[in-house]
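Asker: mmCIF, C-alpha atoms, saved as run28.cif, coming up:
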data_work
#
loop_
_atom_site.label_atom_id
_atom_site.label_comp_id
_atom_site.auth_asym_id
_atom_site.auth_seq_id
_atom_site.Cartn_x
_atom_site.Cartn_y
_atom_site.Cartn_z
CA MET A 811 0.00 0.00 0.00
CA GLN A 812 0.99 3.62 -0.54
CA VAL A 813 1.07 5.82 2.56
CA THR A 814 1.23 9.60 2.58
CA LEU A 815 3.41 10.85 5.39
CA LYS A 816 3.12 14.51 6.36
CA ILE A 817 6.06 15.32 8.59
CA PHE A 818 6.81 18.40 10.67
CA ARG A 819 10.16 19.81 9.61
CA TYR A 820 12.28 22.44 11.30
CA ASN A 821 15.98 23.09 10.96
CA PRO A 822 17.00 26.01 13.22
CA GLU A 823 20.10 26.64 11.05
CA THR A 824 18.18 27.22 7.82
CA ASP A 825 14.45 27.65 8.59
CA LYS A 826 12.88 30.81 9.97
CA LYS A 827 9.82 28.84 10.97
CA PRO A 828 8.66 25.22 10.90
CA HIS A 829 6.85 23.72 7.92
CA TYR A 830 5.45 20.37 6.83
CA GLU A 831 6.80 18.12 4.09
CA THR A 832 4.88 15.29 2.45
CA TYR A 833 6.37 11.95 1.40
CA ARG A 834 4.81 8.98 -0.40
CA VAL A 835 6.07 5.67 0.97
CA GLU A 836 5.38 2.07 0.01
CA ALA A 837 4.40 0.18 3.17
CA GLU A 838 2.89 -3.03 4.52
CA PRO A 839 -0.13 -2.71 6.84
CA THR A 840 1.96 -4.38 9.53
CA ASP A 841 4.76 -1.82 9.24
CA ARG A 842 5.22 0.56 12.12
CA VAL A 843 5.37 4.35 11.80
CA LEU A 844 9.04 4.11 12.79
CA ASP A 845 9.66 1.84 9.77
CA LEU A 846 8.18 4.50 7.50
CA LEU A 847 10.32 7.22 9.06
CA GLU A 848 13.39 5.02 8.52
CA LYS A 849 12.36 4.54 4.87
CA VAL A 850 12.00 8.29 4.35
CA LYS A 851 15.35 8.97 6.00
CA GLY A 852 17.12 6.11 4.21
CA GLN A 853 15.61 6.44 0.75
CA GLN A 854 14.16 9.92 0.24
CA ASP A 855 15.53 12.56 2.63
CA GLY A 856 18.57 11.91 4.78
CA THR A 857 18.13 15.22 6.60
CA LEU A 858 15.03 14.02 8.43
CA THR A 859 15.87 13.93 12.14
CA PHE A 860 14.18 11.85 14.84
CA ARG A 861 15.17 9.91 17.94
CA ARG A 862 15.04 6.14 18.09
CA SER A 863 17.02 3.53 19.92
CA CYS A 864 15.67 0.10 20.83
CA ALA A 865 12.73 0.30 18.37
CA HIS A 866 10.75 -2.13 20.54
CA GLY A 867 8.81 0.07 22.96
CA VAL A 868 11.28 -0.21 25.81
CA CYS A 869 13.62 2.78 25.64
CA GLY A 870 10.99 5.49 25.12
CA SER A 871 13.10 7.47 22.64
CA ASP A 872 10.64 7.80 19.77
CA ALA A 873 7.59 9.36 21.42
CA MET A 874 5.96 11.76 18.94
CA ARG A 875 2.55 13.00 17.85
CA ILE A 876 1.07 10.61 15.30
CA ASN A 877 -2.21 11.80 13.84
CA GLY A 878 -2.62 14.10 16.83
CA MET A 879 -1.99 11.51 19.55
CA ASN A 880 1.20 11.03 21.54
CA ARG A 881 2.49 7.56 20.66
CA LEU A 882 5.73 5.61 20.36
CA ALA A 883 6.48 5.40 16.63
CA CYS A 884 7.89 1.89 17.17
CA LYS A 885 4.61 0.59 18.63
CA VAL A 886 2.06 2.00 16.16
CA LEU A 887 1.16 -0.22 13.22
CA ILE A 888 -0.08 1.45 10.04
CA GLN A 889 -3.15 -0.83 9.99
CA ASP A 890 -4.15 0.37 13.46
CA LEU A 891 -4.28 4.01 12.37
CA GLY A 892 -7.19 3.31 10.03
CA THR A 893 -5.92 5.69 7.33
CA ASP A 894 -3.18 5.95 4.73
CA HIS A 895 -2.59 9.63 5.55
CA ILE A 896 -0.30 9.97 8.55
CA THR A 897 0.80 13.23 10.16
CA VAL A 898 3.88 13.05 12.36
CA GLU A 899 4.83 15.95 14.63
CA PRO A 900 7.14 16.49 17.61
CA LEU A 901 5.79 16.36 21.18
CA LEU A 902 3.98 19.49 22.33
CA GLY A 903 5.11 21.55 25.31
CA LEU A 904 8.86 20.97 24.92
CA PRO A 905 11.11 23.10 22.67
CA THR A 906 11.72 21.60 19.24
CA VAL A 907 15.44 21.12 18.59
CA LYS A 908 15.15 19.83 15.01
CA ASP A 909 12.33 18.13 13.06
CA LEU A 910 10.86 15.51 15.44
CA VAL A 911 13.47 15.93 18.17
CA VAL A 912 12.49 17.94 21.25
CA ASP A 913 14.62 19.20 24.12
CA MET A 914 13.87 16.75 26.94
CA GLU A 915 15.79 18.68 29.59
CA PRO A 916 12.76 20.53 31.09
CA PHE A 917 11.05 17.13 31.38
CA PHE A 918 14.03 15.52 33.12
CA GLU A 919 14.43 18.54 35.39
CA HIS A 920 10.93 17.88 36.77
CA TYR A 921 11.72 14.17 36.97
CA ARG A 922 14.82 14.85 39.07
CA SER A 923 12.92 17.29 41.30
CA VAL A 924 10.86 14.48 42.89
CA LYS A 925 13.96 12.50 43.93
CA PRO A 926 13.32 9.42 41.78
CA PHE A 927 15.74 7.16 43.64
CA PHE A 928 15.66 4.85 46.64
CA ILE A 929 16.09 6.68 49.96
CA ASN A 930 16.83 4.65 53.06
CA ASN A 931 19.50 5.72 55.53
CA ASP A 932 19.28 2.59 57.70
CA PRO A 933 22.38 0.39 57.66
CA PRO A 934 21.98 -2.19 54.89
CA PRO A 935 20.87 -5.63 56.14
CA GLN A 936 22.95 -8.79 55.67
CA LYS A 937 20.85 -9.84 52.67
CA GLU A 938 18.21 -7.86 50.79
CA ARG A 939 15.54 -5.51 52.26
CA LEU A 940 12.55 -7.81 52.35
CA GLN A 941 9.14 -6.91 51.00
CA SER A 942 5.93 -8.95 50.78
CA PRO A 943 4.28 -9.60 47.40
CA GLU A 944 1.40 -7.32 48.50
CA GLU A 945 3.81 -4.48 49.35
CA ARG A 946 5.48 -4.90 45.96
CA GLU A 947 2.11 -4.95 44.20
CA ARG A 948 1.25 -1.55 45.73
CA PHE A 949 3.52 0.33 43.32
CA ASP A 950 3.86 -2.26 40.54
CA ASP A 951 2.03 -0.19 37.91
CA THR A 952 4.27 2.86 38.24
CA THR A 953 7.49 0.83 37.89
CA LYS A 954 6.62 0.41 34.21
CA CYS A 955 7.39 4.04 33.24
CA ILE A 956 10.01 4.37 30.46
CA LEU A 957 10.27 8.19 30.62
CA CYS A 958 9.15 8.71 27.05
CA ALA A 959 7.34 11.96 28.03
CA ALA A 960 4.19 11.01 26.10
CA CYS A 961 2.08 11.64 29.21
CA THR A 962 3.57 14.95 30.34
CA THR A 963 3.49 16.40 26.83
CA SER A 964 -0.17 15.42 26.38
CA CYS A 965 -1.19 17.29 29.53
CA PRO A 966 -2.90 20.67 28.97
CA SER A 967 -1.84 21.83 32.45
CA PHE A 968 1.79 21.26 31.40
CA TRP A 969 1.26 22.99 28.04
CA LEU A 970 -0.04 26.05 29.88
CA ASP A 971 2.64 26.17 32.53
CA ASP A 972 5.81 24.12 32.23
CA GLN A 973 6.56 24.74 35.90
CA TYR A 974 3.99 22.00 36.66
CA VAL A 975 5.99 18.85 37.46
CA GLY A 976 3.78 16.83 35.13
CA PRO A 977 2.38 13.30 35.20
CA ALA A 978 5.63 11.44 34.54
CA ALA A 979 7.38 13.00 37.53
CA ILE A 980 4.39 12.16 39.75
CA VAL A 981 4.33 8.58 38.47
CA ASN A 982 8.01 8.20 39.31
CA ALA A 983 7.49 9.77 42.73
CA HIS A 984 4.59 7.35 43.29
CA ARG A 985 6.90 4.42 42.52
CA PHE A 986 9.04 5.32 45.57
CA ILE A 987 6.43 6.94 47.84
CA PHE A 988 4.49 3.67 48.04
CA ASP A 989 7.57 1.42 48.26
CA SER A 990 7.55 0.01 51.80
CA ARG A 991 11.39 -0.04 51.89
CA ASP A 992 11.78 3.65 51.03
CA GLN A 993 11.96 6.45 53.61
CA GLY A 994 11.71 9.51 51.37
CA ALA A 995 7.92 9.75 51.12
CA GLU A 996 7.75 12.79 53.39
CA GLU A 997 10.06 14.99 51.31
CA ARG A 998 8.53 13.84 48.02
CA LEU A 999 5.00 14.53 49.21
CA LYS A 1000 6.06 18.00 50.38
CA ILE A 1001 7.43 18.72 46.89
CA LEU A 1002 4.26 17.44 45.22
CA ALA A 1003 1.93 19.36 47.55
CA ASP A 1004 3.20 22.75 46.40
CA GLN A 1005 1.70 25.12 43.83
CA PHE A 1006 3.16 23.20 40.88
CA GLY A 1007 2.50 19.73 42.21
CA VAL A 1008 -0.40 17.28 42.11
CA PHE A 1009 -3.09 19.92 42.59
CA ARG A 1010 -2.35 21.25 39.09
CA CYS A 1011 -3.80 18.00 37.71
CA HIS A 1012 -7.37 18.61 36.51
CA THR A 1013 -8.06 14.88 35.90
CA ILE A 1014 -8.26 15.33 32.12
CA PHE A 1015 -6.95 11.75 31.60
CA ASN A 1016 -4.89 12.65 28.46
CA CYS A 1017 -1.84 11.20 30.21
CA THR A 1018 -3.52 7.85 30.83
CA LEU A 1019 -4.64 7.65 27.19
CA ALA A 1020 -1.17 8.60 25.92
CA CYS A 1021 0.91 6.20 28.04
CA PRO A 1022 2.38 3.46 25.81
CA ARG A 1023 2.86 1.25 28.89
CA GLU A 1024 -0.80 1.61 29.89
CA ILE A 1025 0.04 2.92 33.34
CA GLN A 1026 -3.03 4.19 35.21
CA ILE A 1027 -1.45 7.61 35.60
CA THR A 1028 -4.46 9.62 36.73
CA LYS A 1029 -5.14 6.94 39.36
CA ALA A 1030 -1.52 7.21 40.58
CA ILE A 1031 -1.84 11.01 40.80
CA GLY A 1032 -5.06 10.51 42.79
CA GLU A 1033 -3.25 8.17 45.20
CA VAL A 1034 -0.47 10.69 45.77
CA ARG A 1035 -3.08 13.38 46.33
CA LYS A 1036 -4.85 11.13 48.82
CA ALA A 1037 -1.58 10.53 50.70
CA ILE A 1038 -1.12 14.32 50.96
CA ALA A 1039 -4.72 14.77 52.09
CA THR A 1040 -4.81 11.99 54.68
CA GLY A 1041 -1.18 11.78 55.77
CA ARG A 1042 -1.32 8.01 55.22
CA LEU A 1043 0.30 5.68 52.71
CA ASP A 1044 -2.16 2.75 52.81
CA MET B 1416 11.96 -1.40 59.48
CA LYS B 1417 11.25 2.16 60.71
CA PRO B 1418 7.68 3.48 60.21
CA ARG B 1419 7.65 5.70 57.15
CA LYS B 1420 7.03 9.42 57.66
CA VAL B 1421 4.34 11.38 55.80
CA PRO B 1422 3.73 15.14 56.17
CA THR B 1423 0.89 16.15 58.50
CA PRO B 1424 -2.04 16.90 56.21
CA GLY B 1425 -4.33 19.88 56.11
CA TRP B 1426 -2.28 23.07 56.21
CA ASN B 1427 -1.40 23.46 52.58
CA PHE B 1428 -3.16 26.25 50.64
CA GLU B 1429 -3.34 24.34 47.35
CA TYR B 1430 -4.73 21.25 49.07
CA LEU B 1431 -7.27 23.25 51.09
CA MET B 1432 -8.54 25.07 48.00
CA TRP B 1433 -8.66 21.79 46.05
CA LEU B 1434 -10.74 20.27 48.86
CA PHE B 1435 -12.92 23.40 49.13
CA THR B 1436 -13.66 23.29 45.40
CA ARG B 1437 -15.01 19.75 45.69
CA ILE B 1438 -16.97 20.41 48.88
CA SER B 1439 -18.45 23.70 47.65
CA GLY B 1440 -19.44 22.14 44.30
CA ALA B 1441 -21.33 19.37 46.09
CA ALA B 1442 -22.76 21.86 48.62
CA MET B 1443 -24.18 24.08 45.86
CA VAL B 1444 -25.95 21.11 44.28
CA LEU B 1445 -27.34 20.17 47.70
CA LEU B 1446 -28.48 23.74 48.42
CA ALA B 1447 -30.22 23.94 45.05
CA LEU B 1448 -31.96 20.66 45.79
CA ILE B 1449 -33.10 21.94 49.18
CA GLY B 1450 -34.39 25.14 47.51
CA PHE B 1451 -36.26 23.09 44.91
CA VAL B 1452 -37.86 20.68 47.38
CA GLY B 1453 -38.59 23.53 49.81
CA ALA B 1454 -40.42 25.45 47.07
CA LEU B 1455 -42.53 22.41 46.18
CA VAL B 1456 -43.39 21.88 49.85
CA MET B 1457 -44.45 25.56 50.08
CA GLY B 1458 -46.86 25.14 47.17
CA ALA B 1459 -44.79 26.03 44.10
CA ARG B 1460 -46.67 23.45 42.04
CA TYR B 1461 -49.84 25.55 42.24
CA HIS B 1462 -48.55 29.12 42.48
CA MET B 1463 -45.72 29.63 40.00
CA ASP B 1464 -44.41 28.68 36.57
CA LEU B 1465 -41.27 26.61 35.91
CA GLY B 1466 -39.05 29.64 35.22
CA THR B 1467 -39.89 31.21 38.56
CA LEU B 1468 -39.37 27.89 40.35
CA LEU B 1469 -35.92 27.49 38.79
CA ARG B 1470 -34.90 31.06 39.63
CA TRP B 1471 -35.82 30.30 43.23
CA THR B 1472 -34.09 26.92 43.14
CA PHE B 1473 -30.71 28.37 42.27
CA PHE B 1474 -31.06 31.43 44.49
CA PRO B 1475 -33.93 31.30 47.03
CA ASN B 1476 -34.51 35.04 47.21
CA PRO B 1477 -38.09 36.28 47.88
CA ASN B 1478 -37.81 38.81 45.01
CA HIS B 1479 -37.81 35.84 42.62
CA VAL B 1480 -41.34 34.78 43.63
CA LEU B 1481 -42.91 38.20 44.25
CA ASN B 1482 -44.67 38.24 40.88
CA SER B 1483 -46.04 34.70 41.18
CA ASP B 1484 -49.44 33.69 42.57
CA ILE B 1485 -48.24 32.80 46.08
CA PRO B 1486 -50.84 33.85 48.65
CA ASP B 1487 -48.35 34.82 51.36
CA ILE B 1488 -44.67 35.88 51.01
CA ALA B 1489 -43.85 35.14 54.67
CA PRO B 1490 -42.76 31.46 54.26
CA TRP B 1491 -40.54 32.51 51.36
CA ALA B 1492 -38.84 35.40 53.14
CA ASN B 1493 -37.38 34.39 56.47
CA ALA B 1494 -34.04 33.86 58.22
CA TYR B 1495 -33.84 30.22 57.08
CA TRP B 1496 -33.89 31.14 53.40
CA GLN B 1497 -31.54 34.06 54.09
CA ILE B 1498 -28.99 31.63 55.55
CA MET B 1499 -29.41 29.42 52.47
CA GLN B 1500 -28.76 32.42 50.21
CA LEU B 1501 -25.72 33.53 52.21
CA ALA B 1502 -24.29 30.00 51.93
CA LEU B 1503 -24.91 30.00 48.18
CA VAL B 1504 -23.27 33.39 47.73
CA PHE B 1505 -20.27 32.30 49.79
CA PHE B 1506 -19.79 28.93 48.11
CA GLY B 1507 -20.51 30.27 44.61
CA ALA B 1508 -18.25 33.33 44.81
CA THR B 1509 -15.37 31.52 46.52
CA HIS B 1510 -15.58 28.51 44.18
CA GLY B 1511 -15.69 30.80 41.14
CA PHE B 1512 -12.88 33.13 42.19
CA ASN B 1513 -10.64 30.21 43.12
CA GLY B 1514 -11.30 28.70 39.68
CA LEU B 1515 -10.37 32.02 38.11
CA ARG B 1516 -7.17 32.08 40.19
CA LEU B 1517 -6.21 28.64 38.90
CA VAL B 1518 -6.87 29.61 35.29
CA LEU B 1519 -4.86 32.83 35.59
CA GLU B 1520 -1.98 31.08 37.33
CA GLU B 1521 -1.82 28.49 34.57
CA TYR B 1522 -1.59 31.13 31.86
CA ILE B 1523 0.61 33.70 33.63
CA HIS B 1524 3.95 32.44 34.82
CA SER B 1525 5.61 35.30 36.68
CA TRP B 1526 5.64 35.14 40.47
CA GLY B 1527 5.09 38.92 40.74
CA TRP B 1528 2.01 38.80 38.50
CA HIS B 1529 0.71 35.82 40.48
CA MET B 1530 0.89 37.78 43.70
CA PHE B 1531 -0.62 40.89 42.11
CA LEU B 1532 -3.49 38.95 40.53
CA ARG B 1533 -4.13 37.06 43.76
CA LEU B 1534 -4.48 40.40 45.51
CA VAL B 1535 -6.83 41.76 42.81
CA LEU B 1536 -8.92 38.58 42.92
CA MET B 1537 -9.09 38.71 46.71
CA VAL B 1538 -10.35 42.30 46.62
CA LEU B 1539 -12.93 41.41 43.93
CA TRP B 1540 -13.96 38.32 45.93
CA LEU B 1541 -14.51 40.44 49.05
CA ILE B 1542 -16.49 43.06 47.07
CA THR B 1543 -18.64 40.29 45.53
CA LEU B 1544 -19.26 38.73 48.93
CA GLY B 1545 -20.09 42.14 50.42
CA ALA B 1546 -22.50 43.02 47.59
CA GLY B 1547 -24.10 39.55 47.74
CA PHE B 1548 -24.54 39.62 51.51
CA PHE B 1549 -25.96 43.17 51.30
CA LEU B 1550 -28.49 42.06 48.69
CA VAL B 1551 -29.53 39.03 50.74
CA LEU B 1552 -29.87 40.90 54.02
CA THR B 1553 -31.82 43.83 52.57
CA SER B 1554 -34.28 41.98 50.35
#
Would you encode the structure as structure tokens?
Answerer:
Amino acid sequence: MQVTLKIFRYNPETDKKPHYETYRVEAEPTDRVLDLLEKVKGQQDGTLTFRRSCAHGVCGSDAMRINGMNRLACKVLIQDLGTDHITVEPLLGLPTVKDLVVDMEPFFEHYRSVKPFFINNDPPPQKERLQSPEERERFDDTTKCILCAACTTSCPSFWLDDQYVGPAAIVNAHRFIFDSRDQGAEERLKILADQFGVFRCHTIFNCTLACPREIQITKAIGEVRKAIATGRLD
Amino acid sequence: MKPRKVPTPGWNFEYLMWLFTRISGAAMVLLALIGFVGALVMGARYHMDLGTLLRWTFFPNPNHVLNSDIPDIAPWANAYWQIMQLALVFFGATHGFNGLRLVLEEYIHSWGWHMFLRLVLMVLWLITLGAGFFLVLTS
């Protein structure tokens, strides 16, 4: 089948403003959008710039807007889009560096702000720090985040004000806040209770729809909010 | 393993306003329901049209039913309904102005403007409350 790809193009060294370019590509219905981008870059226009790494939905490098929705290009099959006209654009809310590549630093700055690492100042035990299957299950969903930024860049609250920490940072805070072995819940909840924390979430659910790992993000934000409201982690 | 620490809840402005928004939203629905049922109990089915009943439902002020066919204004104009109106004015104005604060703070990113707009909104909120309370207590 022939697919028409309309791709957002911007080269800061030559372009005054962004524009779109259209490419016709021969594709199989089972091809992924990433395959088509590779074909364009390899066969038609070597200047096309995009991020990709593992190409199997694990590294989170190739999040982009595909027909208006934030998706991983390596996970979207052409047949699932239901059309042979595909528009590919960079993520919204982060500065575009070139073509489909955005500057992820503001995103990672918010991620770092919630201390996304294990905090426990007790002397390490002889073996591992034990945890029951139920305690592990409590934060299982939020361990799946691959930091692709699809959620944060689909959030209208983040588009309006990039000082909002965003769903991905809250998800990664949730992963440690509800870990029974961690002792940093207090400082993380204080960070998330401020003006740019969880109360900026207006439960729009874009993040949950955008997540390629199907994490229940709005639910996780609600659980963090509940912990702030009740002072309890159960 | 040491018990894990969580901040004491309740004294955070953003959290309190988030909670207030939910409570005031539910309270306004409840107050409207009380106004609606109260009007029916006082004979609204026989003495007024639907428009008048709905005006009363959302703001139970006696001026809203003056031009209807009610035989006696006394049950419609007393301290009980005044308290209901004051609660509606308070919940409505505070809910609305807090919503406006959130919208403005999402669009405007400078700390100085935030503080200035918060001050302006607080003054407007107080004026609205004052005007609303004056209307309720003098009608």
Asker: List every protein, DNA or RNA residue with an atom no more than 12 Å from (-0.3, 9.0, 46.2) in the file's coordinates, counting only C-alpha atoms, and format the result as number ranges by chain.
Answerer: A: 948-949, 952, 980-989, 995-996, 998-1000, 1002-1003, 1007-1009, 1027-1044; B: 1421
Asker: So that I have them on file, write out the residues from the current selection with C-alpha atoms, as an mmCIF file, in the frame of the given file.
Answerer:
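Here's the written file again-v1.cif:
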data_model
loop_
_atom_site.group_PDB
_atom_site.id
_atom_site.type_symbol
_atom_site.label_atom_id
_atom_site.label_comp_id
_atom_site.auth_asym_id
_atom_site.auth_seq_id
_atom_site.Cartn_x
_atom_site.Cartn_y
_atom_site.Cartn_z
ATOM 1 C CA ARG A 948 1.250 -1.550 45.730
ATOM 2 C CA PHE A 949 3.520 0.330 43.320
ATOM 3 C CA THR A 952 4.270 2.860 38.240
ATOM 4 C CA ILE A 980 4.390 12.160 39.750
ATOM 5 C CA VAL A 981 4.330 8.580 38.470
ATOM 6 C CA ASN A 982 8.010 8.200 39.310
ATOM 7 C CA ALA A 983 7.490 9.770 42.730
ATOM 8 C CA HIS A 984 4.590 7.350 43.290
ATOM 9 C CA ARG A 985 6.900 4.420 42.520
ATOM 10 C CA PHE A 986 9.040 5.320 45.570
ATOM 11 C CA ILE A 987 6.430 6.940 47.840
ATOM 12 C CA PHE A 988 4.490 3.670 48.040
ATOM 13 C CA ASP A 989 7.570 1.420 48.260
ATOM 14 C CA ALA A 995 7.920 9.750 51.120
ATOM 15 C CA GLU A 996 7.750 12.790 53.390
ATOM 16 C CA ARG A 998 8.530 13.840 48.020
ATOM 17 C CA LEU A 999 5.000 14.530 49.210
ATOM 18 C CA LYS A 1000 6.060 18.000 50.380
ATOM 19 C CA LEU A 1002 4.260 17.440 45.220
ATOM 20 C CA ALA A 1003 1.930 19.360 47.550
ATOM 21 C CA GLY A 1007 2.500 19.730 42.210
ATOM 22 C CA VAL A 1008 -0.400 17.280 42.110
ATOM 23 C CA PHE A 1009 -3.090 19.920 42.590
ATOM 24 C CA ILE A 1027 -1.450 7.610 35.600
ATOM 25 C CA THR A 1028 -4.460 9.620 36.730
ATOM 26 C CA LYS A 1029 -5.140 6.940 39.360
ATOM 27 C CA ALA A 1030 -1.520 7.210 40.580
ATOM 28 C CA ILE A 1031 -1.840 11.010 40.800
ATOM 29 C CA GLY A 1032 -5.060 10.510 42.790
ATOM 30 C CA GLU A 1033 -3.250 8.170 45.200
ATOM 31 C CA VAL A 1034 -0.470 10.690 45.770
ATOM 32 C CA ARG A 1035 -3.080 13.380 46.330
ATOM 33 C CA LYS A 1036 -4.850 11.130 48.820
ATOM 34 C CA ALA A 1037 -1.580 10.530 50.700
ATOM 35 C CA ILE A 1038 -1.120 14.320 50.960
ATOM 36 C CA ALA A 1039 -4.720 14.770 52.090
ATOM 37 C CA THR A 1040 -4.810 11.990 54.680
ATOM 38 C CA GLY A 1041 -1.180 11.780 55.770
ATOM 39 C CA ARG A 1042 -1.320 8.010 55.220
ATOM 40 C CA LEU A 1043 0.300 5.680 52.710
ATOM 41 C CA ASP A 1044 -2.160 2.750 52.810
ATOM 42 C CA VAL B 1421 4.340 11.380 55.800
#
Asker: Assuming 8 Å of padding per side, give the centre and edge lengths of the axis-aligned box around every listed atom of stretch 963-968 of chain A, in Å to one decimal and as JSON.
Answerer:
{"center_x": 0.3, "center_y": 18.6, "center_z": 29.4, "size_x": 22.4, "size_y": 22.4, "size_z": 22.1}
Asker: Since I can't run it myself right now, could you work out what the PyMOL selection byres ((chain A and resi 1016-1026) around 7) selects here and report it as a PDB file with C-alpha atoms, keeping the file's coordinate frame?
Answerer:
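Now in selection.pdb:
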ATOM      1  CA  ASN A 880       1.200  11.030  21.540  1.00  0.00           C
ATOM      2  CA  ARG A 881       2.490   7.560  20.660  1.00  0.00           C
ATOM      3  CA  LEU A 882       5.730   5.610  20.360  1.00  0.00           C
ATOM      4  CA  ASP A 951       2.030  -0.190  37.910  1.00  0.00           C
ATOM      5  CA  THR A 952       4.270   2.860  38.240  1.00  0.00           C
ATOM      6  CA  LYS A 954       6.620   0.410  34.210  1.00  0.00           C
ATOM      7  CA  CYS A 955       7.390   4.040  33.240  1.00  0.00           C
ATOM      8  CA  ALA A 960       4.190  11.010  26.100  1.00  0.00           C
ATOM      9  CA  CYS A 961       2.080  11.640  29.210  1.00  0.00           C
ATOM     10  CA  THR A 962       3.570  14.950  30.340  1.00  0.00           C
ATOM     11  CA  SER A 964      -0.170  15.420  26.380  1.00  0.00           C
ATOM     12  CA  CYS A 965      -1.190  17.290  29.530  1.00  0.00           C
ATOM     13  CA  PRO A 977       2.380  13.300  35.200  1.00  0.00           C
ATOM     14  CA  ILE A1014      -8.260  15.330  32.120  1.00  0.00           C
ATOM     15  CA  PHE A1015      -6.950  11.750  31.600  1.00  0.00           C
ATOM     16  CA  ILE A1027      -1.450   7.610  35.600  1.00  0.00           C
ATOM     17  CA  THR A1028      -4.460   9.620  36.730  1.00  0.00           C
ATOM     18  CA  LYS A1029      -5.140   6.940  39.360  1.00  0.00           C
ATOM     19  CA  ALA A1030      -1.520   7.210  40.580  1.00  0.00           C
TER      20      ALA A1030
END
Asker: With only C-alpha atoms as the basis for distance, which of B:Leu1465, B:Val1452, B:Leu1445, B:Leu1517 is at the shortest distance from chain A?
Answerer: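 Comparing B:Leu1465, B:Val1452, B:Leu1445, B:Leu1517 against chain A, the winner is B:Leu1517.
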Asker: Figure out the distance between atom CA of A:Leu901 and atom CA of A:Phe1006, please, to one decimal in Å.
Answerer: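 It comes out at 21.0 Å.
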Asker: Which polymer residues have any atom within 8 Å of an atom of stretch 840-846 of chain A, counting all atoms listed in the file, with same-chain residues fewer than 4 positions away left out, as a JSON list (two decimals) with C-alpha atoms, in the frame of the given file?
Answerer:
[["chain", "number", "residue", "atom", "x", "y", "z"],
["A", 835, "VAL", "CA", 6.07, 5.67, 0.97],
["A", 850, "VAL", "CA", 12.00, 8.29, 4.35],
["A", 865, "ALA", "CA", 12.73, 0.30, 18.37],
["A", 883, "ALA", "CA", 6.48, 5.40, 16.63],
["A", 884, "CYS", "CA", 7.89, 1.89, 17.17],
["A", 885, "LYS", "CA", 4.61, 0.59, 18.63],
["A", 886, "VAL", "CA", 2.06, 2.00, 16.16],
["A", 887, "LEU", "CA", 1.16, -0.22, 13.22],
["A", 888, "ILE", "CA", -0.08, 1.45, 10.04],
["A", 889, "GLN", "CA", -3.15, -0.83, 9.99]]
Asker: If the PyMOL selection byres ((chain B) within 8 of (chain A)) is run on the structure shown, which residues does it catch, given as a list in words?
Answerer: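 With the PyMOL selection byres ((chain B) within 8 of (chain A)) on this model, the match is Met1416, Arg1419, Lys1420, Val1421, Pro1422, Thr1423, Pro1424, Gly1425, Asn1427, Glu1429, Tyr1430, Trp1433, Glu1521, Tyr1522, Ile1523 and His1524 of chain B.
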Asker: Atom CA of B:Phe1473 and atom CA of B:Asn1513 are how many Å apart?
Answerer: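 If I compute the distance from atom CA of B:Phe1473 to atom CA of B:Asn1513, I get 20.2 Å.
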Asker: Might you pull out every residue within 7 Å of stretch 912-924 of chain A, with only C-alpha atoms counted and same-chain residues fewer than 3 positions away left off, and present them as a count of residues only?
Answerer: 11
Asker: Which is closer to A:Asp855 than all the others in A:Met874, A:Ile929, A:Val868, A:Ile817, using all atoms listed in the file?
Answerer: A:Ile817
Asker: Could you jot down the atom CA of A:Cys958 to atom CA of A:Gly870 separation for me, Å, one decimal place?
Answerer: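 Result for atom CA of A:Cys958 versus atom CA of A:Gly870: 4.2 Å, one decimal.
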Asker: Can you list, as a PDB file with C-alpha atoms, in the frame of the given file, every protein, DNA or RNA residue that comes within 8 Å of stretch 1492-1507 of chain B when you count all atoms listed in the file, leaving out same-chain residues fewer than 6 positions away?
Answerer:
ATOM      1  CA  SER B1439     -18.450  23.700  47.650  1.00  0.00           C
ATOM      2  CA  GLY B1440     -19.440  22.140  44.300  1.00  0.00           C
ATOM      3  CA  ALA B1442     -22.760  21.860  48.620  1.00  0.00           C
ATOM      4  CA  MET B1443     -24.180  24.080  45.860  1.00  0.00           C
ATOM      5  CA  LEU B1446     -28.480  23.740  48.420  1.00  0.00           C
ATOM      6  CA  PHE B1474     -31.060  31.430  44.490  1.00  0.00           C
ATOM      7  CA  PRO B1475     -33.930  31.300  47.030  1.00  0.00           C
ATOM      8  CA  ASN B1476     -34.510  35.040  47.210  1.00  0.00           C
ATOM      9  CA  PRO B1477     -38.090  36.280  47.880  1.00  0.00           C
ATOM     10  CA  LEU B1544     -19.260  38.730  48.930  1.00  0.00           C
ATOM     11  CA  GLY B1547     -24.100  39.550  47.740  1.00  0.00           C
ATOM     12  CA  PHE B1548     -24.540  39.620  51.510  1.00  0.00           C
ATOM     13  CA  VAL B1551     -29.530  39.030  50.740  1.00  0.00           C
ATOM     14  CA  LEU B1552     -29.870  40.900  54.020  1.00  0.00           C
TER      15      LEU B1552
END
